[in-house]
$ cat final_2.txt   # compact mmCIF, C-alpha atoms and all ligand atoms
# COMPACT_ATOMS: atom_id res chain seq x y z
CA MET A 1232 36.33 105.02 95.46
CA ASN A 1233 35.66 102.01 97.65
CA LEU A 1234 32.55 103.01 99.55
CA ILE A 1235 33.23 100.78 102.56
CA VAL A 1236 36.71 102.14 103.00
CA PHE A 1237 35.36 105.62 102.49
CA THR A 1238 32.71 105.18 105.20
CA ARG A 1239 35.10 103.61 107.63
CA HIS A 1240 37.65 106.34 107.22
CA SER A 1241 35.26 109.06 106.23
CA LYS A 1242 36.35 111.49 108.90
CA PHE A 1243 39.98 111.16 107.93
CA LYS A 1244 39.18 111.24 104.21
CA MET A 1245 37.01 114.31 104.54
CA SER A 1246 39.76 116.19 106.30
CA MET A 1247 42.03 115.27 103.40
CA PHE A 1248 39.49 116.39 100.83
CA ARG A 1249 39.16 119.73 102.50
CA GLN A 1250 42.85 120.31 101.87
CA ILE A 1251 42.49 119.81 98.15
CA ARG A 1252 41.16 122.59 95.99
CA GLN A 1253 40.24 122.25 92.36
CA ILE A 1254 41.52 125.31 90.57
CA SER A 1255 42.76 126.37 87.19
CA CYS A 1256 46.24 127.82 86.90
CA TRP A 1257 46.11 131.57 86.19
CA SER A 1258 49.06 131.19 83.83
CA CYS A 1259 48.57 128.01 81.75
CA GLY A 1260 44.82 127.63 82.38
CA LYS A 1261 45.02 123.90 83.14
CA ASP A 1262 43.08 122.39 86.02
CA ILE A 1263 45.32 121.61 88.94
CA LYS A 1264 44.54 119.73 92.08
CA THR A 1265 46.77 121.50 94.50
CA LEU A 1266 47.39 120.78 98.13
CA VAL A 1267 47.20 124.02 100.07
CA SER A 1268 50.86 123.79 100.97
CA ASN A 1269 51.83 123.41 97.32
CA LEU A 1270 52.48 126.81 95.89
CA PHE A 1271 53.16 126.10 92.26
CA CYS A 1272 51.15 124.80 89.27
CA SER A 1273 51.89 121.14 88.68
CA HIS A 1274 51.93 121.72 84.89
CA CYS A 1275 53.82 124.97 84.29
CA GLN A 1276 55.41 125.50 87.75
CA VAL A 1277 54.10 129.06 88.00
CA LEU A 1278 53.38 130.44 91.49
CA GLN A 1279 49.67 130.38 92.31
CA GLU A 1280 47.58 133.06 94.02
CA PRO A 1281 46.91 132.56 97.76
CA ASP A 1282 43.59 130.80 98.40
CA LYS A 1283 40.95 133.43 99.18
CA ASN A 1284 39.05 131.05 101.48
CA SER A 1285 42.13 130.36 103.54
CA ASN A 1286 43.13 131.73 106.93
CA TYR A 1287 46.51 132.58 108.50
CA PHE A 1288 46.88 129.12 110.05
CA LYS A 1289 46.29 127.36 106.73
CA ILE A 1290 48.56 129.78 104.89
CA MET A 1291 51.35 129.04 107.36
CA GLY A 1292 50.57 125.30 107.36
CA VAL A 1293 50.24 125.02 111.14
CA ARG A 1294 47.56 123.43 113.31
CA GLU A 1295 44.67 125.81 114.02
CA THR A 1296 45.08 126.22 117.75
CA TYR A 1297 45.90 129.02 120.19
CA ASP A 1298 48.52 126.84 121.78
CA LEU A 1299 50.77 126.80 118.74
CA ASP A 1300 54.42 125.85 118.59
CA GLU A 1301 56.32 129.08 117.94
CA ASN A 1302 59.41 127.24 116.73
CA GLU A 1303 57.37 125.30 114.20
CA LEU A 1304 55.72 128.53 113.06
CA ALA A 1305 59.14 130.18 112.60
CA LYS A 1306 60.36 127.19 110.61
CA LYS A 1307 57.31 127.24 108.32
CA TYR A 1308 57.78 130.96 107.84
CA LYS A 1309 61.39 130.50 106.74
CA ASP A 1310 60.44 127.62 104.42
CA LEU A 1311 57.64 129.61 102.79
CA GLN A 1312 59.71 132.74 102.30
CA LYS A 1313 62.43 130.66 100.71
CA TYR A 1314 59.97 129.91 97.89
CA LEU A 1315 58.02 133.15 97.90
CA HIS A 1316 60.55 135.93 98.26
CA PRO A 1317 60.04 138.40 95.37
CA ASP A 1318 63.80 138.34 94.68
CA LYS A 1319 63.30 134.80 93.36
CA PHE A 1320 60.89 136.16 90.77
CA ALA A 1321 62.95 139.10 89.56
CA ASN A 1322 63.61 137.33 86.26
CA LYS A 1323 60.10 135.89 85.85
CA ASN A 1324 57.23 137.70 84.15
CA LYS A 1325 55.69 140.72 85.84
CA GLN A 1326 52.43 139.03 86.76
CA GLU A 1327 54.16 136.21 88.60
CA LEU A 1328 56.39 138.72 90.38
CA GLU A 1329 53.22 140.54 91.54
CA VAL A 1330 51.71 137.28 92.79
CA SER A 1331 54.91 136.61 94.75
CA GLU A 1332 54.82 140.09 96.29
CA LYS A 1333 51.19 139.65 97.30
CA TYR A 1334 51.76 136.15 98.66
CA SER A 1335 54.95 137.08 100.47
CA SER A 1336 53.39 140.05 102.25
CA LEU A 1337 50.40 137.91 103.21
CA VAL A 1338 52.78 135.38 104.77
CA ASN A 1339 54.57 138.18 106.65
CA GLU A 1340 51.27 139.41 108.01
CA ALA A 1341 50.14 135.89 108.96
CA TYR A 1342 53.43 135.17 110.70
CA LYS A 1343 53.45 138.43 112.67
CA THR A 1344 49.84 137.95 113.75
CA LEU A 1345 50.15 134.32 114.83
CA LEU A 1346 53.48 134.80 116.60
CA GLU A 1347 52.24 137.51 118.95
CA PRO A 1348 50.00 136.10 121.75
CA MET A 1349 47.66 139.11 121.84
CA ALA A 1350 47.33 139.46 118.06
CA ARG A 1351 46.85 135.69 117.71
CA GLY A 1352 43.99 135.75 120.24
CA ILE A 1353 42.28 138.71 118.58
CA TYR A 1354 42.62 137.04 115.18
CA MET A 1355 41.19 133.72 116.41
CA LEU A 1356 38.32 135.57 118.06
CA ARG A 1357 37.64 137.37 114.77
CA LEU A 1358 37.57 134.02 112.93
CA ARG A 1359 34.78 133.12 115.34
CA GLY A 1360 32.88 136.31 114.50
CA LYS A 1361 33.69 138.26 117.67
CA GLU A 1362 35.76 141.32 118.62
CA ILE A 1363 36.96 142.69 121.92
CA SER A 1364 35.59 146.15 122.43
CA GLU A 1365 36.82 149.09 124.50
CA ASN A 1366 34.05 148.49 126.98
CA THR A 1367 34.63 144.80 127.63
CA GLU A 1368 34.45 145.05 131.38
CA VAL A 1369 37.44 144.73 133.64
CA ASP A 1370 36.96 145.49 137.31
CA GLN A 1371 38.07 148.60 139.14
CA GLU A 1372 40.44 146.69 141.40
CA PHE A 1373 42.28 145.32 138.37
CA LEU A 1374 42.61 148.76 136.81
CA ILE A 1375 44.14 150.12 140.00
CA LYS A 1376 46.63 147.23 140.02
CA ILE A 1377 47.56 148.01 136.41
CA MET A 1378 48.01 151.71 137.16
CA GLU A 1379 50.32 150.85 140.02
CA LYS A 1380 52.33 148.50 137.81
CA ASN A 1381 52.63 151.23 135.18
CA GLU A 1382 54.03 153.57 137.78
CA GLU A 1383 56.49 150.94 138.96
CA VAL A 1384 57.77 150.56 135.40
CA GLU A 1385 58.06 154.33 134.96
CA ASN A 1386 60.02 154.64 138.19
CA ALA A 1387 62.27 151.63 137.66
CA GLU A 1388 65.83 152.85 137.29
CA THR A 1389 68.30 150.06 137.82
CA GLU A 1390 68.77 147.13 135.50
CA ALA A 1391 67.79 144.75 138.31
CA GLU A 1392 64.50 146.59 138.89
CA ILE A 1393 63.63 146.59 135.19
CA MET A 1394 64.53 142.94 134.68
CA GLU A 1395 62.50 141.89 137.71
CA LEU A 1396 59.45 143.65 136.32
CA ASN A 1397 60.18 142.14 132.92
CA GLU A 1398 60.10 138.64 134.36
CA GLU A 1399 56.94 139.32 136.36
CA ILE A 1400 55.01 140.65 133.36
CA LYS A 1401 56.31 137.92 131.03
CA ASN A 1402 55.11 135.29 133.52
CA MET A 1403 51.74 137.02 133.77
CA ILE A 1404 51.37 136.94 129.98
CA LYS A 1405 52.39 133.27 129.89
CA THR A 1406 49.73 132.43 132.49
CA LEU A 1407 47.14 134.32 130.46
CA GLN A 1408 48.23 132.40 127.34
CA LYS A 1409 47.58 129.10 129.11
CA GLN A 1410 44.16 130.28 130.26
CA LEU A 1411 43.35 131.52 126.76
CA SER A 1412 44.36 128.21 125.27
CA ILE A 1413 41.90 126.42 127.55
CA ALA A 1414 39.12 128.96 126.91
CA PHE A 1415 39.54 128.60 123.13
CA PHE A 1416 39.61 124.81 123.47
CA ASP A 1417 36.36 124.93 125.47
CA GLY A 1418 34.82 127.36 122.98
CA ASP A 1419 34.16 129.77 125.86
CA LEU A 1420 34.30 133.01 123.88
CA LYS A 1421 33.11 135.16 126.77
CA LYS A 1422 36.09 134.02 128.78
CA VAL A 1423 38.35 134.55 125.77
CA MET A 1424 37.16 138.16 125.46
CA LYS A 1425 37.68 138.82 129.13
CA LEU A 1426 41.18 137.29 129.11
CA LEU A 1427 42.18 139.23 125.98
CA SER A 1428 41.01 142.47 127.59
CA VAL A 1429 43.24 141.73 130.57
CA MET A 1430 46.12 140.69 128.32
CA LYS A 1431 45.86 143.98 126.45
CA TYR A 1432 46.89 145.87 129.59
CA TYR A 1433 49.79 143.55 130.32
CA THR A 1434 50.95 143.69 126.69
CA SER A 1435 51.07 147.46 126.87
CA ILE A 1436 53.13 147.30 130.11
CA ASP A 1437 55.38 144.75 128.41
CA ASN A 1438 55.95 147.15 125.48
CA GLN A 1439 56.86 149.85 127.97
CA ILE A 1440 59.36 147.53 129.66
CA GLN A 1441 60.90 146.51 126.32
CA SER A 1442 61.45 150.15 125.38
CA ALA A 1443 62.99 150.79 128.84
CA ILE A 1444 65.32 147.84 128.23
CA ARG A 1445 66.35 149.31 124.87
CA ASN A 1446 66.75 152.84 126.25
CA LYS A 1447 68.98 151.68 129.07
CA GLY A 1448 71.01 149.58 126.64
CA ILE A 1449 70.47 146.45 128.72
CA ILE A 1450 71.96 143.43 126.97
CA ARG A 1451 70.22 140.12 127.61
ZN ZN A 1501 50.09 126.28 85.08

$ encode --input "final_2.txt" --output "structure tokens" --more "lines below"
Ligand SMILES: [Zn+2]
Amino acid sequence: MNLIVFTRHSKFKMSMFRQIRQISCWSCGKDIKTLVSNLFCSHCQVLQEPDKNSNYFKIMGVRETYDLDENELAKKYKDLQKYLHPDKFANKNKQELEVSEKYSSLVNEAYKTLLEPMARGIYMLRLRGKEISENTEVDQEFLIKIMEKNEEVENAETEAEIMELNEEIKNMIKTLQKQLSIAFFDGDLKKVMKLLSVMKYYTSIDNQIQSAIRNKGIIR
């Protein structure tokens, strides 16, 4: 490697190197330099095991940020499952079929986690070695507000009432998402924990509203 070029572009080069892992294929035993997004051995085309040192963002091939593009995530998910779906391996040997089952369920889990704003936040916090606990403090005033909102949802009867609450809570969650995105960007984990604790309450109200929408047979 040209050392001068390497030094000049070292930051870029290093980020490329990090993507490459030197592994041996479990099936043919040959060394393969595989890009993370490449799923198959370059020699025998057998599906490889998911990288143990990876995380959900890398598995899905999306940028590691709270503020992710949900459409891009959905597209990556579809692309990956096109290659990984166990049905595609029904005629292959048993071991490769098992790898595809393992990989495919990992991709399902990664997709579900990253798609959902609350789960995504908790996951990103965990990657940074932190958890939100039951006793992460939220103030009394906030809890009263949440209790009142819960009651409003329980008492909502007409479609208009339910849909108005739906919009209000959805907007609240969107605002929290924006704040979370900034807090993650700033590396302010205390703020992240506080915001996730608040989001937890709104997510539970949102679930309640979604089941009310289903129960009333409201078509959107
Ligand atoms: Zn191979």

$ residues_near_point --input "final_2.txt" --point "(69.6, 148.6, 133.1)" --cutoff "10 Å" --atoms "all atoms listed in the file" --output "PyMOL selection string"
chain A and resi 1387-1394+1443-1450

$ residues_near_ligand --input "final_2.txt" --ligand "ligand ZN 1501 (chain A)" --cutoff "12 Å" --atoms "only C-alpha atoms and all ligand atoms" --output "ChimeraX atom specification"
/A:1254-1265,1270-1280,1327

$ write_last_selection --input "final_2.txt" --atoms "C-alpha atoms" --output "PDB file, keeping the file's coordinate frame"
ATOM      1  CA  ILE A1254      41.520 125.310  90.570  1.00  0.00           C
ATOM      2  CA  SER A1255      42.760 126.370  87.190  1.00  0.00           C
ATOM      3  CA  CYS A1256      46.240 127.820  86.900  1.00  0.00           C
ATOM      4  CA  TRP A1257      46.110 131.570  86.190  1.00  0.00           C
ATOM      5  CA  SER A1258      49.060 131.190  83.830  1.00  0.00           C
ATOM      6  CA  CYS A1259      48.570 128.010  81.750  1.00  0.00           C
ATOM      7  CA  GLY A1260      44.820 127.630  82.380  1.00  0.00           C
ATOM      8  CA  LYS A1261      45.020 123.900  83.140  1.00  0.00           C
ATOM      9  CA  ASP A1262      43.080 122.390  86.020  1.00  0.00           C
ATOM     10  CA  ILE A1263      45.320 121.610  88.940  1.00  0.00           C
ATOM     11  CA  LYS A1264      44.540 119.730  92.080  1.00  0.00           C
ATOM     12  CA  THR A1265      46.770 121.500  94.500  1.00  0.00           C
ATOM     13  CA  LEU A1270      52.480 126.810  95.890  1.00  0.00           C
ATOM     14  CA  PHE A1271      53.160 126.100  92.260  1.00  0.00           C
ATOM     15  CA  CYS A1272      51.150 124.800  89.270  1.00  0.00           C
ATOM     16  CA  SER A1273      51.890 121.140  88.680  1.00  0.00           C
ATOM     17  CA  HIS A1274      51.930 121.720  84.890  1.00  0.00           C
ATOM     18  CA  CYS A1275      53.820 124.970  84.290  1.00  0.00           C
ATOM     19  CA  GLN A1276      55.410 125.500  87.750  1.00  0.00           C
ATOM     20  CA  VAL A1277      54.100 129.060  88.000  1.00  0.00           C
ATOM     21  CA  LEU A1278      53.380 130.440  91.490  1.00  0.00           C
ATOM     22  CA  GLN A1279      49.670 130.380  92.310  1.00  0.00           C
ATOM     23  CA  GLU A1280      47.580 133.060  94.020  1.00  0.00           C
ATOM     24  CA  GLU A1327      54.160 136.210  88.600  1.00  0.00           C
TER      25      GLU A1327
END

$ atom_distance --input "final_2.txt" --atom1 "atom CA of Lys1361 of chain A" --atom2 "atom CA of Tyr1308 of chain A"
27.0 Å

$ axis_aligned_box --input "final_2.txt" --around "segment 1326-1339 of chain A" --padding-each-side "4 Å" --output "lines of an AutoDock Vina configuration file"
center_x = 53.4
center_y = 138.0
center_z = 96.7
size_x = 14.0
size_y = 13.2
size_z = 27.9

$ atom_distance --input "final_2.txt" --atom1 "atom CA of Pro1317 of chain A" --atom2 "atom CA of Ser1331 of chain A"
5.5 Å

$ closest_residue --input "final_2.txt" --among "A:Gln1371, A:Asn1284, A:Asn1381, A:Gln1312" --to "Asn1438 of chain A" --atoms "all atoms listed in the file"
A:Asn1381

$ atom_distance --input "final_2.txt" --atom1 "atom CA of Arg1351 of chain A" --atom2 "atom CA of Glu1368 of chain A"
20.7 Å

$ residues_around --input "final_2.txt" --residues "Pro1348 of chain A" --least-positions-apart "3" --cutoff "12 Å" --atoms "only C-alpha atoms" --output "MDAnalysis selection string"
chainID A and resid 1296:1301 1342:1345 1351:1355 1401 1404:1412 1426:1427 1430:1431 1433:1434

$ write_last_selection --input "final_2.txt" --atoms "C-alpha atoms" --output "PDB file, keeping the file's coordinate frame"
ATOM      1  CA  THR A1296      45.080 126.220 117.750  1.00  0.00           C
ATOM      2  CA  TYR A1297      45.900 129.020 120.190  1.00  0.00           C
ATOM      3  CA  ASP A1298      48.520 126.840 121.780  1.00  0.00           C
ATOM      4  CA  LEU A1299      50.770 126.800 118.740  1.00  0.00           C
ATOM      5  CA  ASP A1300      54.420 125.850 118.590  1.00  0.00           C
ATOM      6  CA  GLU A1301      56.320 129.080 117.940  1.00  0.00           C
ATOM      7  CA  TYR A1342      53.430 135.170 110.700  1.00  0.00           C
ATOM      8  CA  LYS A1343      53.450 138.430 112.670  1.00  0.00           C
ATOM      9  CA  THR A1344      49.840 137.950 113.750  1.00  0.00           C
ATOM     10  CA  LEU A1345      50.150 134.320 114.830  1.00  0.00           C
ATOM     11  CA  ARG A1351      46.850 135.690 117.710  1.00  0.00           C
ATOM     12  CA  GLY A1352      43.990 135.750 120.240  1.00  0.00           C
ATOM     13  CA  ILE A1353      42.280 138.710 118.580  1.00  0.00           C
ATOM     14  CA  TYR A1354      42.620 137.040 115.180  1.00  0.00           C
ATOM     15  CA  MET A1355      41.190 133.720 116.410  1.00  0.00           C
ATOM     16  CA  LYS A1401      56.310 137.920 131.030  1.00  0.00           C
ATOM     17  CA  ILE A1404      51.370 136.940 129.980  1.00  0.00           C
ATOM     18  CA  LYS A1405      52.390 133.270 129.890  1.00  0.00           C
ATOM     19  CA  THR A1406      49.730 132.430 132.490  1.00  0.00           C
ATOM     20  CA  LEU A1407      47.140 134.320 130.460  1.00  0.00           C
ATOM     21  CA  GLN A1408      48.230 132.400 127.340  1.00  0.00           C
ATOM     22  CA  LYS A1409      47.580 129.100 129.110  1.00  0.00           C
ATOM     23  CA  GLN A1410      44.160 130.280 130.260  1.00  0.00           C
ATOM     24  CA  LEU A1411      43.350 131.520 126.760  1.00  0.00           C
ATOM     25  CA  SER A1412      44.360 128.210 125.270  1.00  0.00           C
ATOM     26  CA  LEU A1426      41.180 137.290 129.110  1.00  0.00           C
ATOM     27  CA  LEU A1427      42.180 139.230 125.980  1.00  0.00           C
ATOM     28  CA  MET A1430      46.120 140.690 128.320  1.00  0.00           C
ATOM     29  CA  LYS A1431      45.860 143.980 126.450  1.00  0.00           C
ATOM     30  CA  TYR A1433      49.790 143.550 130.320  1.00  0.00           C
ATOM     31  CA  THR A1434      50.950 143.690 126.690  1.00  0.00           C
TER      32      THR A1434
END

$ closest_residue --input "final_2.txt" --among "A:Met1349, A:Ala1321, A:Val1330, A:Leu1356" --to "Phe1415 of chain A" --atoms "all atoms listed in the file"
A:Leu1356

$ closest_residue --input "final_2.txt" --among "A:Ala1305, A:Ile1436, A:Val1423, A:Val1384" --to "Met1403 of chain A" --atoms "only C-alpha atoms"
A:Ile1436

$ decode --input "final_2.txt" --residues "segment 1321-1332 of chain A" --atoms "N, CA, C and O atoms" --output "short mmCIF file (atom, residue, chain, number, x, y, z; two decimals), in the first residue's frame"
data_model
loop_
_atom_site.label_atom_id
_atom_site.label_comp_id
_atom_site.auth_asym_id
_atom_site.auth_seq_id
_atom_site.Cartn_x
_atom_site.Cartn_y
_atom_site.Cartn_z
N ALA A 1321 -34.35 -24.71 1.01
CA ALA A 1321 -35.04 -25.99 1.22
C ALA A 1321 -34.33 -27.14 0.52
O ALA A 1321 -34.29 -28.25 1.04
N ASN A 1322 -33.72 -26.86 -0.63
CA ASN A 1322 -33.04 -27.93 -1.37
C ASN A 1322 -31.53 -27.99 -1.11
O ASN A 1322 -30.84 -28.81 -1.69
N LYS A 1323 -31.04 -27.09 -0.25
CA LYS A 1323 -29.60 -27.10 0.07
C LYS A 1323 -29.37 -28.06 1.25
O LYS A 1323 -30.33 -28.60 1.81
N ASN A 1324 -28.09 -28.21 1.64
CA ASN A 1324 -27.86 -29.13 2.77
C ASN A 1324 -28.37 -28.55 4.09
O ASN A 1324 -28.59 -27.35 4.22
N LYS A 1325 -28.57 -29.45 5.05
CA LYS A 1325 -29.24 -29.11 6.30
C LYS A 1325 -28.53 -27.99 7.05
O LYS A 1325 -29.18 -27.10 7.61
N GLN A 1326 -27.20 -28.05 7.03
CA GLN A 1326 -26.44 -27.06 7.79
C GLN A 1326 -26.64 -25.64 7.23
O GLN A 1326 -26.79 -24.69 7.98
N GLU A 1327 -26.67 -25.55 5.92
CA GLU A 1327 -26.88 -24.24 5.30
C GLU A 1327 -28.31 -23.74 5.56
O GLU A 1327 -28.53 -22.55 5.79
N LEU A 1328 -29.25 -24.67 5.54
CA LEU A 1328 -30.63 -24.32 5.87
C LEU A 1328 -30.71 -23.75 7.29
O LEU A 1328 -31.37 -22.74 7.54
N GLU A 1329 -29.98 -24.39 8.23
CA GLU A 1329 -29.97 -23.91 9.61
C GLU A 1329 -29.35 -22.51 9.73
O GLU A 1329 -29.83 -21.68 10.48
N VAL A 1330 -28.27 -22.30 8.97
CA VAL A 1330 -27.65 -20.97 8.97
C VAL A 1330 -28.66 -19.94 8.46
O VAL A 1330 -28.80 -18.85 9.03
N SER A 1331 -29.39 -20.30 7.42
CA SER A 1331 -30.37 -19.35 6.86
C SER A 1331 -31.49 -19.05 7.86
O SER A 1331 -31.96 -17.92 7.96
N GLU A 1332 -31.91 -20.07 8.60
CA GLU A 1332 -32.95 -19.86 9.61
C GLU A 1332 -32.46 -18.91 10.70
O GLU A 1332 -33.16 -17.99 11.11
#
